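Just entry-v4.cif here, mmCIF, C-alpha atoms:
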```
data_my_file
loop_
_atom_site.group_PDB
_atom_site.id
_atom_site.type_symbol
_atom_site.label_atom_id
_atom_site.label_comp_id
_atom_site.auth_asym_id
_atom_site.auth_seq_id
_atom_site.Cartn_x
_atom_site.Cartn_y
_atom_site.Cartn_z
ATOM 1 C CA MET F 274 82.909 41.604 34.770
ATOM 2 C CA LYS F 275 85.573 39.173 36.056
ATOM 3 C CA MET F 276 88.927 40.712 37.009
ATOM 4 C CA LEU F 277 92.055 39.173 38.518
ATOM 5 C CA ILE F 278 92.217 41.581 41.465
ATOM 6 C CA ASN F 279 91.619 41.655 45.211
ATOM 7 C CA VAL F 280 89.689 44.891 45.668
ATOM 8 C CA PRO F 281 89.646 47.974 43.421
ATOM 9 C CA GLU F 282 91.128 50.171 46.150
ATOM 10 C CA THR F 283 94.437 48.256 46.225
ATOM 11 C CA VAL F 284 94.891 47.476 42.526
ATOM 12 C CA VAL F 285 97.810 49.869 41.973
ATOM 13 C CA ALA F 286 99.605 49.016 45.228
ATOM 14 C CA ASP F 287 99.204 45.283 44.571
ATOM 15 C CA ALA F 288 100.568 45.696 41.052
ATOM 16 C CA LEU F 289 103.566 47.688 42.306
ATOM 17 C CA ARG F 290 104.398 44.990 44.855
ATOM 18 C CA GLY F 291 104.278 42.383 42.106
ATOM 19 C CA PHE F 292 106.327 44.597 39.805
ATOM 20 C CA ALA F 293 108.985 44.986 42.509
ATOM 21 C CA ALA F 294 109.136 41.220 43.039
ATOM 22 C CA ALA F 295 109.630 40.638 39.310
ATOM 23 C CA HIS F 296 112.224 43.386 38.750
ATOM 24 C CA PRO F 297 114.777 43.636 41.567
ATOM 25 C CA GLU F 298 116.979 45.761 39.292
ATOM 26 C CA LEU F 299 114.519 48.604 39.968
ATOM 27 C CA ALA F 300 113.723 50.338 43.247
ATOM 28 C CA VAL F 301 109.957 50.453 43.771
ATOM 29 C CA ASP F 302 108.551 52.665 46.513
ATOM 30 C CA VAL F 303 105.050 51.243 46.836
ATOM 31 C CA GLU F 304 103.870 53.699 49.491
ATOM 32 C CA ASN F 305 104.998 56.814 47.639
ATOM 33 C CA ARG F 306 104.336 55.404 44.149
ATOM 34 C CA VAL F 307 107.779 55.986 42.639
ATOM 35 C CA ILE F 308 109.860 53.617 40.468
ATOM 36 C CA VAL F 309 113.541 54.379 39.776
ATOM 37 C CA ARG F 310 116.630 52.648 38.472
ATOM 38 C CA ARG F 311 118.480 51.052 41.349
ATOM 39 C CA ASP F 312 121.768 52.573 40.121
ATOM 40 C CA THR F 313 120.355 56.098 40.043
ATOM 41 C CA PRO F 314 121.577 58.807 40.098
ATOM 42 C CA VAL F 315 124.116 58.077 37.383
ATOM 43 C CA ALA F 316 126.989 60.553 37.613
ATOM 44 C CA GLY F 317 126.875 63.257 34.945
ATOM 45 C CA LYS F 318 123.701 61.885 33.378
ATOM 46 C CA VAL F 319 120.466 63.787 32.716
ATOM 47 C CA GLY F 320 117.609 62.100 34.565
ATOM 48 C CA LEU F 321 114.433 61.243 32.629
ATOM 49 C CA ILE F 322 111.121 61.110 34.487
ATOM 50 C CA SER F 323 107.696 60.286 33.126
ATOM 51 C CA GLY F 324 104.433 59.114 34.578
ATOM 52 C CA GLY F 325 100.701 59.057 34.302
ATOM 53 C CA GLY F 326 97.673 57.082 35.324
ATOM 54 C CA SER F 327 98.029 53.353 35.833
ATOM 55 C CA GLY F 328 96.293 51.053 33.376
ATOM 56 C CA HIS F 329 98.605 51.750 30.424
ATOM 57 C CA GLU F 330 101.302 49.211 31.287
ATOM 58 C CA PRO F 331 104.105 48.776 30.464
ATOM 59 C CA LEU F 332 103.953 52.582 30.129
ATOM 60 C CA HIS F 333 105.611 54.110 32.185
ATOM 61 C CA GLY F 334 107.137 51.963 34.919
ATOM 62 C CA GLY F 335 107.972 49.211 32.468
ATOM 63 C CA PHE F 336 110.241 51.621 30.591
ATOM 64 C CA VAL F 337 112.483 52.447 33.558
ATOM 65 C CA GLY F 338 116.005 51.171 33.048
ATOM 66 C CA ARG F 339 119.260 51.662 31.191
ATOM 67 C CA GLY F 340 118.772 53.505 27.916
ATOM 68 C CA MET F 341 115.301 54.804 28.668
ATOM 69 C CA LEU F 342 113.695 56.341 31.788
ATOM 70 C CA ASP F 343 115.408 56.862 35.137
ATOM 71 C CA GLY F 344 112.122 57.074 37.004
ATOM 72 C CA ALA F 345 108.362 56.835 36.683
ATOM 73 C CA CYS F 346 105.388 57.967 38.752
ATOM 74 C CA PRO F 347 102.250 55.800 38.512
ATOM 75 C CA GLY F 348 98.962 57.417 39.479
ATOM 76 C CA GLU F 349 95.686 55.734 40.260
ATOM 77 C CA VAL F 350 93.987 54.057 37.297
ATOM 78 C CA PHE F 351 93.567 56.644 34.525
ATOM 79 C CA THR F 352 94.418 59.404 37.032
ATOM 80 C CA SER F 353 97.448 61.679 37.048
ATOM 81 C CA PRO F 354 100.158 61.142 39.639
ATOM 82 C CA VAL F 355 100.563 63.976 42.140
ATOM 83 C CA PRO F 356 103.394 66.542 42.243
ATOM 84 C CA ASP F 357 104.924 65.024 45.396
ATOM 85 C CA GLN F 358 105.603 61.801 43.474
ATOM 86 C CA MET F 359 107.310 63.677 40.660
ATOM 87 C CA VAL F 360 109.466 65.767 43.006
ATOM 88 C CA ARG F 361 110.507 62.648 44.936
ATOM 89 C CA ALA F 362 111.441 60.926 41.660
ATOM 90 C CA ALA F 363 113.333 63.979 40.399
ATOM 91 C CA ALA F 364 115.339 64.207 43.613
ATOM 92 C CA ALA F 365 116.177 60.507 43.399
ATOM 93 C CA VAL F 366 117.503 60.623 39.817
ATOM 94 C CA ASP F 367 119.166 64.045 39.746
ATOM 95 C CA SER F 368 122.939 63.777 39.446
ATOM 96 C CA GLY F 369 123.357 67.528 39.072
ATOM 97 C CA ALA F 370 122.974 67.379 35.284
ATOM 98 C CA GLY F 371 119.268 68.218 35.409
ATOM 99 C CA VAL F 372 116.030 66.314 34.925
ATOM 100 C CA LEU F 373 113.722 66.067 31.908
ATOM 101 C CA PHE F 374 110.005 65.568 32.508
ATOM 102 C CA ILE F 375 108.280 63.745 29.622
ATOM 103 C CA VAL F 376 104.587 64.566 29.880
ATOM 104 C CA LYS F 377 101.652 63.204 27.887
ATOM 105 C CA ASN F 378 99.176 65.934 26.986
ATOM 106 C CA TYR F 379 96.404 65.277 29.486
ATOM 107 C CA THR F 380 95.212 68.159 31.615
ATOM 108 C CA GLY F 381 95.928 66.544 34.988
ATOM 109 C CA ASP F 382 99.385 65.375 33.954
ATOM 110 C CA VAL F 383 100.312 68.791 32.547
ATOM 111 C CA LEU F 384 99.161 70.719 35.621
ATOM 112 C CA ASN F 385 100.801 68.355 38.093
ATOM 113 C CA PHE F 386 104.106 68.117 36.244
ATOM 114 C CA ASP F 387 104.180 71.926 35.945
ATOM 115 C CA MET F 388 103.689 72.229 39.691
ATOM 116 C CA ALA F 389 106.297 69.556 40.337
ATOM 117 C CA ALA F 390 108.825 71.370 38.142
ATOM 118 C CA GLU F 391 108.389 74.528 40.217
ATOM 119 C CA LEU F 392 108.775 72.615 43.481
ATOM 120 C CA ALA F 393 111.841 70.736 42.203
ATOM 121 C CA GLU F 394 113.478 73.956 41.061
ATOM 122 C CA ASP F 395 112.885 75.393 44.542
ATOM 123 C CA GLU F 396 115.011 72.488 45.783
ATOM 124 C CA GLY F 397 117.796 73.345 43.347
ATOM 125 C CA ILE F 398 116.988 70.764 40.656
ATOM 126 C CA VAL F 399 117.167 72.043 37.081
ATOM 127 C CA VAL F 400 114.076 70.793 35.224
ATOM 128 C CA ALA F 401 113.057 70.849 31.554
ATOM 129 C CA LYS F 402 109.733 69.565 30.201
ATOM 130 C CA VAL F 403 108.616 68.021 26.916
ATOM 131 C CA LEU F 404 104.946 67.613 26.052
ATOM 132 C CA VAL F 405 103.888 64.640 23.902
ATOM 133 C CA ASN F 406 100.819 65.389 21.739
ATOM 134 C CA ASP F 407 100.954 62.987 18.812
ATOM 135 C CA ASP F 408 97.333 61.844 18.421
ATOM 136 C CA VAL F 409 95.772 63.026 15.138
ATOM 137 C CA ALA F 410 92.225 61.817 15.798
ATOM 138 C CA VAL F 411 90.762 64.708 17.782
ATOM 139 C CA THR F 412 91.917 68.178 18.781
ATOM 140 C CA ASP F 413 90.247 68.334 22.189
ATOM 141 C CA SER F 414 88.887 65.504 24.323
ATOM 142 C CA LEU F 415 87.426 64.768 27.731
ATOM 143 C CA TYR F 416 90.961 64.810 29.147
ATOM 144 C CA THR F 417 92.869 67.346 27.071
ATOM 145 C CA ALA F 418 93.176 70.775 25.612
ATOM 146 C CA GLY F 419 94.825 70.117 22.285
ATOM 147 C CA ARG F 420 96.008 66.774 20.989
ATOM 148 C CA ARG F 421 96.381 63.757 23.238
ATOM 149 C CA GLY F 422 99.698 62.127 24.036
ATOM 150 C CA THR F 423 99.656 58.451 23.071
ATOM 151 C CA GLY F 424 101.954 55.987 21.297
ATOM 152 C CA ALA F 425 104.725 58.449 20.431
ATOM 153 C CA THR F 426 105.513 58.642 24.147
ATOM 154 C CA LEU F 427 107.474 55.427 23.615
ATOM 155 C CA PHE F 428 109.491 57.001 20.771
ATOM 156 C CA VAL F 429 110.301 60.058 22.901
ATOM 157 C CA GLU F 430 111.279 58.064 25.979
ATOM 158 C CA LYS F 431 113.456 55.597 24.048
ATOM 159 C CA ILE F 432 115.306 58.092 21.851
ATOM 160 C CA ALA F 433 115.791 60.752 24.528
ATOM 161 C CA GLY F 434 116.782 58.016 26.968
ATOM 162 C CA ALA F 435 119.502 56.761 24.640
ATOM 163 C CA LEU F 436 120.879 60.265 24.201
ATOM 164 C CA ALA F 437 120.895 60.875 27.952
ATOM 165 C CA GLU F 438 122.693 57.554 28.443
ATOM 166 C CA GLU F 439 125.466 58.895 26.207
ATOM 167 C CA GLY F 440 125.951 61.836 28.571
ATOM 168 C CA ALA F 441 124.389 64.585 26.431
ATOM 169 C CA PRO F 442 123.491 67.798 28.292
ATOM 170 C CA LEU F 443 119.937 68.629 29.313
ATOM 171 C CA GLU F 444 119.404 71.206 26.562
ATOM 172 C CA ARG F 445 120.365 68.671 23.911
ATOM 173 C CA VAL F 446 118.228 65.876 25.348
ATOM 174 C CA GLU F 447 115.250 68.226 25.588
ATOM 175 C CA ALA F 448 115.706 69.434 21.989
ATOM 176 C CA VAL F 449 115.856 65.897 20.580
ATOM 177 C CA ALA F 450 112.826 64.832 22.625
ATOM 178 C CA ARG F 451 110.868 67.778 21.208
ATOM 179 C CA ARG F 452 111.990 66.925 17.693
ATOM 180 C CA VAL F 453 110.827 63.329 18.080
ATOM 181 C CA ASN F 454 107.404 64.494 19.192
ATOM 182 C CA GLU F 455 107.157 66.944 16.284
ATOM 183 C CA VAL F 456 107.750 64.225 13.682
ATOM 184 C CA SER F 457 105.518 61.578 15.313
ATOM 185 C CA ARG F 458 101.815 60.876 14.811
ATOM 186 C CA SER F 459 99.379 58.252 16.182
ATOM 187 C CA PHE F 460 95.873 56.978 15.500
ATOM 188 C CA GLY F 461 93.963 54.392 17.541
ATOM 189 C CA VAL F 462 90.956 52.127 17.041
ATOM 190 C CA ALA F 463 88.778 50.435 19.688
ATOM 191 C CA LEU F 464 86.969 47.156 19.033
ATOM 192 C CA THR F 465 85.596 46.914 22.594
ATOM 193 C CA ALA F 466 85.122 49.304 25.493
ATOM 194 C CA VAL F 467 87.556 49.466 28.411
ATOM 195 C CA SER F 468 86.578 48.179 31.871
ATOM 196 C CA THR F 469 88.101 49.845 34.931
ATOM 197 C CA PRO F 470 88.520 48.108 38.309
ATOM 198 C CA ALA F 471 86.438 50.759 40.069
ATOM 199 C CA LYS F 472 83.486 50.315 37.709
ATOM 200 C CA GLY F 473 83.912 46.607 37.110
ATOM 201 C CA ALA F 474 82.138 46.922 33.776
ATOM 202 C CA PRO F 475 82.689 48.611 30.387
ATOM 203 C CA THR F 476 82.902 52.383 30.734
ATOM 204 C CA PHE F 477 80.919 53.016 27.551
ATOM 205 C CA ASP F 478 78.669 51.114 25.200
ATOM 206 C CA LEU F 479 80.214 49.864 21.978
ATOM 207 C CA PRO F 480 77.892 47.395 20.222
ATOM 208 C CA ALA F 481 79.410 44.150 18.989
ATOM 209 C CA GLY F 482 79.026 45.111 15.336
ATOM 210 C CA GLU F 483 80.709 48.508 15.640
ATOM 211 C CA LEU F 484 84.156 49.988 16.228
ATOM 212 C CA GLU F 485 85.357 53.419 17.326
ATOM 213 C CA LEU F 486 87.903 55.208 15.136
ATOM 214 C CA GLY F 487 90.348 57.562 16.809
ATOM 215 C CA ILE F 488 89.821 56.331 20.366
ATOM 216 C CA GLY F 489 91.932 57.656 23.236
ATOM 217 C CA ILE F 490 93.880 55.548 25.717
ATOM 218 C CA HIS F 491 91.294 56.149 28.454
ATOM 219 C CA GLY F 492 88.351 55.172 26.280
ATOM 220 C CA GLU F 493 87.658 58.757 25.199
ATOM 221 C CA PRO F 494 85.448 59.064 22.126
ATOM 222 C CA GLY F 495 87.177 59.152 18.768
ATOM 223 C CA ARG F 496 86.231 60.673 15.437
ATOM 224 C CA GLU F 497 83.361 58.382 14.566
ATOM 225 C CA ARG F 498 81.790 54.967 14.915
ATOM 226 C CA ARG F 499 81.462 52.609 11.996
ATOM 227 C CA ALA F 500 80.279 49.106 11.315
ATOM 228 C CA MET F 501 82.994 46.542 11.972
ATOM 229 C CA MET F 502 85.703 46.507 9.285
ATOM 230 C CA THR F 503 88.443 44.095 8.242
ATOM 231 C CA ALA F 504 92.002 44.588 9.459
ATOM 232 C CA GLY F 505 92.970 45.750 5.984
ATOM 233 C CA GLU F 506 90.217 48.360 5.928
ATOM 234 C CA ILE F 507 91.174 49.619 9.381
ATOM 235 C CA ALA F 508 94.800 49.898 8.250
ATOM 236 C CA GLU F 509 93.709 52.057 5.314
ATOM 237 C CA VAL F 510 91.766 54.418 7.582
ATOM 238 C CA ALA F 511 94.524 54.659 10.194
ATOM 239 C CA VAL F 512 97.391 55.214 7.771
ATOM 240 C CA ASP F 513 95.461 57.767 5.729
ATOM 241 C CA ALA F 514 94.586 59.685 8.907
ATOM 242 C CA LEU F 515 98.267 59.802 9.836
ATOM 243 C CA LEU F 516 99.480 60.825 6.392
ATOM 244 C CA ASP F 517 96.766 63.443 5.981
ATOM 245 C CA ASP F 518 98.222 65.158 9.041
ATOM 246 C CA PHE F 519 101.953 64.651 8.451
ATOM 247 C CA ARG F 520 103.633 63.398 5.299
ATOM 248 C CA PRO F 521 107.082 61.914 6.070
ATOM 249 C CA ASP F 522 109.851 62.778 3.632
ATOM 250 C CA GLY F 523 112.122 60.079 5.005
ATOM 251 C CA PRO F 524 111.994 56.623 6.608
ATOM 252 C CA VAL F 525 109.845 56.026 9.684
ATOM 253 C CA LEU F 526 109.701 54.005 12.842
ATOM 254 C CA LEU F 527 106.429 52.081 12.998
ATOM 255 C CA LEU F 528 104.706 51.077 16.219
ATOM 256 C CA VAL F 529 101.719 48.763 15.882
ATOM 257 C CA ASN F 530 100.475 48.873 19.437
ATOM 258 C CA GLY F 531 97.887 46.711 21.148
ATOM 259 C CA MET F 532 95.455 48.408 23.508
ATOM 260 C CA GLY F 533 95.638 45.558 26.010
ATOM 261 C CA GLY F 534 93.005 43.073 24.863
ATOM 262 C CA THR F 535 94.095 42.122 21.343
ATOM 263 C CA PRO F 536 96.180 38.947 20.779
ATOM 264 C CA LEU F 537 99.551 39.181 19.082
ATOM 265 C CA LEU F 538 98.248 36.912 16.325
ATOM 266 C CA GLU F 539 95.840 39.686 15.334
ATOM 267 C CA LEU F 540 98.378 42.479 15.851
ATOM 268 C CA TYR F 541 100.915 40.841 13.536
ATOM 269 C CA GLY F 542 98.247 40.348 10.893
ATOM 270 C CA PHE F 543 97.263 43.991 11.268
ATOM 271 C CA ASN F 544 100.939 44.943 10.986
ATOM 272 C CA ALA F 545 101.108 43.213 7.603
ATOM 273 C CA ASP F 546 98.216 45.358 6.401
ATOM 274 C CA VAL F 547 99.764 48.544 7.778
ATOM 275 C CA HIS F 548 103.024 47.759 5.974
ATOM 276 C CA ARG F 549 101.108 47.118 2.762
ATOM 277 C CA VAL F 550 99.273 50.444 2.964
ATOM 278 C CA LEU F 551 102.402 52.410 3.866
ATOM 279 C CA ALA F 552 104.278 50.878 0.930
ATOM 280 C CA ALA F 553 101.413 51.784 -1.396
ATOM 281 C CA ARG F 554 101.595 55.367 -0.111
ATOM 282 C CA GLY F 555 105.340 55.540 -0.724
ATOM 283 C CA VAL F 556 106.424 55.467 2.941
ATOM 284 C CA THR F 557 109.573 53.509 3.844
ATOM 285 C CA VAL F 558 109.592 51.712 7.209
ATOM 286 C CA ALA F 559 113.018 51.582 8.844
ATOM 287 C CA ARG F 560 112.051 49.672 12.012
ATOM 288 C CA THR F 561 108.864 48.025 13.279
ATOM 289 C CA LEU F 562 107.729 47.311 16.819
ATOM 290 C CA VAL F 563 104.606 45.206 17.412
ATOM 291 C CA GLY F 564 103.031 44.524 20.791
ATOM 292 C CA ASN F 565 101.261 45.918 23.832
ATOM 293 C CA TYR F 566 103.199 48.994 24.925
ATOM 294 C CA VAL F 567 100.737 51.864 25.509
ATOM 295 C CA THR F 568 97.613 50.078 26.628
ATOM 296 C CA SER F 569 94.153 50.768 28.004
ATOM 297 C CA LEU F 570 93.535 47.923 30.466
ATOM 298 C CA ASP F 571 91.396 45.302 28.663
ATOM 299 C CA MET F 572 90.404 47.294 25.582
ATOM 300 C CA ALA F 573 90.540 45.329 22.332
ATOM 301 C CA GLY F 574 91.936 47.398 19.501
ATOM 302 C CA ALA F 575 95.175 48.837 18.196
ATOM 303 C CA SER F 576 96.979 52.050 17.460
ATOM 304 C CA VAL F 577 99.445 52.940 14.738
ATOM 305 C CA SER F 578 102.290 55.371 15.420
ATOM 306 C CA LEU F 579 104.856 56.730 12.985
ATOM 307 C CA CYS F 580 108.044 58.656 13.717
ATOM 308 C CA GLN F 581 110.136 60.080 10.872
ATOM 309 C CA VAL F 582 113.817 59.381 11.513
ATOM 310 C CA ASP F 583 117.168 60.567 10.236
ATOM 311 C CA GLU F 584 120.521 58.864 10.868
ATOM 312 C CA GLU F 585 120.836 60.263 14.379
ATOM 313 C CA LEU F 586 117.331 59.350 15.526
ATOM 314 C CA LEU F 587 117.644 55.864 14.035
ATOM 315 C CA ARG F 588 120.986 55.348 15.785
ATOM 316 C CA LEU F 589 119.459 56.382 19.094
ATOM 317 C CA TRP F 590 116.464 54.106 18.518
ATOM 318 C CA ASP F 591 118.808 51.169 17.858
ATOM 319 C CA ALA F 592 120.964 51.916 20.919
ATOM 320 C CA PRO F 593 120.872 49.280 23.693
ATOM 321 C CA VAL F 594 117.960 49.406 26.109
ATOM 322 C CA SER F 595 117.271 47.271 29.162
ATOM 323 C CA THR F 596 113.872 47.771 30.791
ATOM 324 C CA PRO F 597 111.050 45.399 31.765
ATOM 325 C CA GLY F 598 108.993 46.465 28.740
ATOM 326 C CA LEU F 599 111.642 47.090 26.085
ATOM 327 C CA ARG F 600 114.966 45.319 25.765
ATOM 328 C CA TRP F 601 117.547 44.923 23.008
ATOM 329 C CA GLY F 602 121.270 45.314 22.331
ATOM 330 C CA ALA F 603 124.269 44.397 24.442
#
```
Structure encoded using structure tokens:
Amino acid sequence: MKMLINVPETVVADALRGFAAAHPELAVDVENRVIVRRDTPVAGKVGLISGGGSGHEPLHGGFVGRGMLDGACPGEVFTSPVPDQMVRAAAAVDSGAGVLFIVKNYTGDVLNFDMAAELAEDEGIVVAKVLVNDDVAVTDSLYTAGRRGTGATLFVEKIAGALAEEGAPLERVEAVARRVNEVSRSFGVALTAVSTPAKGAPTFDLPAGELELGIGIHGEPGRERRAMMTAGEIAEVAVDALLDDFRPDGPVLLLVNGMGGTPLLELYGFNADVHRVLAARGVTVARTLVGNYVTSLDMAGASVSLCQVDEELLRLWDAPVSTPGLRWGA
């Protein structure tokens, strides 16, 4: 398997050095694996920290910036960051208004962020935590107890980040982040297996004529395998899985997310089918985002995420954001 790397052991460090060179507006500590806004801490502002294994870029480091995260902690590929990273990030972004940890529901992430919260509180930092568990495909997986945290992480980080930017207190930012997670659902599909730098080859066998429905962002098994389907057929399966679990009674944000190896040409075509199916099911789409945001290295495939919004959540979604991976507004 050909990869554009030096050696597997330095993949994350090499990427962080390149990330720092491309984004001087951020402070990147390559040795300690911490990325923060260069203007942090912002006086009176709640600090938002997230993190997880590398290989899901732009999640999470690509979402550090004004209107979103204040800091991110990248772990090794598909491996949780360690508590020391999280405590260092929390100390860097804490203005005295407290810090919110946004944690995807993977066992390593949950345990390490819990430990980091205790250590940070010992240093006088007030910490709150929000768990993202939006995936409807499977209840338990190789990496989780309960539902996995996937595409809705972007919704939580963007909306909570906008509220924090307005100066809202920690309790309010935490409550809105929890509400976003509660009204968000995701479902993913893999067309090819993922290849990690350490293995240098696909991590599981997915025959050319088959796809995996309900895949996780680390290549975890989904609900079932089927013979290859058209984009329209996949959209039907994905949307029905989402609506079987949660039926929105208002407009939604729609994220059509690439898993890393699917061209935008295909993602936009798939988006057209998702819109068609949602309209047929009576669901109104308020905003749509299409692209590679919560990825799985080179996996071909896509995920669909929905978040039901009211006026406040839509306003916060539309608020200006300036990060490497997401940017709009003044």
Would you write out, as a short mmCIF file (atom, residue, chain, number, x, y, z; two decimals) with C-alpha atoms, in the frame of the given file, every residue that the PyMOL selection byres ((chain F and resi 509-523) around 7) captures in this file?
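This is the output file expr_20.cif:
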```cif
data_model
loop_
_atom_site.label_atom_id
_atom_site.label_comp_id
_atom_site.auth_asym_id
_atom_site.auth_seq_id
_atom_site.Cartn_x
_atom_site.Cartn_y
_atom_site.Cartn_z
CA VAL F 409 95.77 63.03 15.14
CA ARG F 458 101.82 60.88 14.81
CA SER F 459 99.38 58.25 16.18
CA PHE F 460 95.87 56.98 15.50
CA GLY F 505 92.97 45.75 5.98
CA GLU F 506 90.22 48.36 5.93
CA ILE F 507 91.17 49.62 9.38
CA ALA F 508 94.80 49.90 8.25
CA PRO F 524 111.99 56.62 6.61
CA VAL F 525 109.84 56.03 9.68
CA VAL F 550 99.27 50.44 2.96
CA LEU F 551 102.40 52.41 3.87
CA VAL F 577 99.44 52.94 14.74
CA GLN F 581 110.14 60.08 10.87
CA VAL F 582 113.82 59.38 11.51
#
```
*Exactly which residues make up the result of the PyMOL selection byres ((chain F and resi 531-543) around 8) on this file, given as number ranges by chain?*
F: 463, 490, 504-505, 508, 529-530, 544-547, 563-576
Residues in the PyMOL selection byres ((chain F and resi 314) around 10), expressed as number ranges by chain = F: 309-313, 315-320, 343, 363-370
Please produce, as a tab-separated table, a per-residue contact table for segment 277-376 of chain F versus segment 425-445 of chain F (criterion: any atom at most 9 Å away, only C-alpha atoms considered), showing the nearest atom pair and its distance in Å to one decimal, sorted by chain then residue number.
```
residue	atom	partner	partner_atom	distance
F:Gly317	CA	F:Gly440	CA	6.6
F:Lys318	CA	F:Gly440	CA	5.3
F:Val319	CA	F:Ala437	CA	5.6
F:Gly320	CA	F:Ala437	CA	7.5
F:Leu321	CA	F:Gly434	CA	6.9
F:Ser323	CA	F:Glu430	CA	8.3
F:Leu332	CA	F:Leu427	CA	7.9
F:His333	CA	F:Leu427	CA	8.9
F:Phe336	CA	F:Glu430	CA	8.0
F:Arg339	CA	F:Glu438	CA	7.4
F:Gly340	CA	F:Ala435	CA	4.7
F:Met341	CA	F:Gly434	CA	3.9
F:Leu342	CA	F:Gly434	CA	6.0
F:Asp343	CA	F:Gly434	CA	8.4
F:Ala370	CA	F:Leu443	CA	6.8
F:Gly371	CA	F:Leu443	CA	6.1
F:Val372	CA	F:Leu443	CA	7.2
F:Leu373	CA	F:Leu443	CA	7.2
F:Ile375	CA	F:Glu430	CA	7.4
F:Val376	CA	F:Thr426	CA	8.3
```
Counting only C-alpha atoms, which residues come within 8 Å of (97.6, 51.5, 41.7), with the point read in the file's coordinates, and could you list them as a compact mmCIF listing (two decimals) with C-alpha atoms, keeping the file's coordinate frame?
```txt
# COMPACT_ATOMS: atom_id res chain seq x y z
CA GLU F 282 91.13 50.17 46.15
CA THR F 283 94.44 48.26 46.22
CA VAL F 284 94.89 47.48 42.53
CA VAL F 285 97.81 49.87 41.97
CA ALA F 286 99.60 49.02 45.23
CA ASP F 287 99.20 45.28 44.57
CA ALA F 288 100.57 45.70 41.05
CA LEU F 289 103.57 47.69 42.31
CA SER F 327 98.03 53.35 35.83
CA PRO F 347 102.25 55.80 38.51
CA GLY F 348 98.96 57.42 39.48
CA GLU F 349 95.69 55.73 40.26
CA VAL F 350 93.99 54.06 37.30
```
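Picture a line from atom CA of Ser353 of chain F to atom CA of Gly325 of chain F; it runs 5.0 Å.
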Once you add 3 Å to each side, what are the centre and edge lengths of the axis-aligned box holding all listed atoms of segment 428-442 of chain F? One decimal in Å, as lines of an AutoDock Vina configuration file, if you can.
```
center_x = 117.7
center_y = 61.7
center_z = 24.7
size_x = 22.5
size_y = 18.2
size_z = 13.8
```
With all atoms listed in the file as the counted atoms, please give the residues lying no more than 7 Å from Arg306 of chain F, apart from itself and same-chain residues fewer than 3 positions off, as a VMD selection string.
chain F and resid 302 to 303 346 to 347 358
Residue neighbourhood Phe386 of chain F, 12 Å, all atoms listed in the file, exclusion window fewer than 6 positions, as number ranges by chain: F: 322-325, 346, 353-360, 362-363, 373-380, 392-393, 400-404
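You will find atom CA of Ala410 of chain F at 4.8 Å from atom CA of Gly487 of chain F.
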Students should find that atom CA of Asp382 of chain F and atom CA of Ala294 of chain F are spaced 27.6 Å
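Ranking F:Val449, F:Ala474, F:Ile398, F:Ala592 by their shortest atom-to-atom distance to Lys275 of chain F, with all atoms listed in the file included, puts F:Ala474 first.
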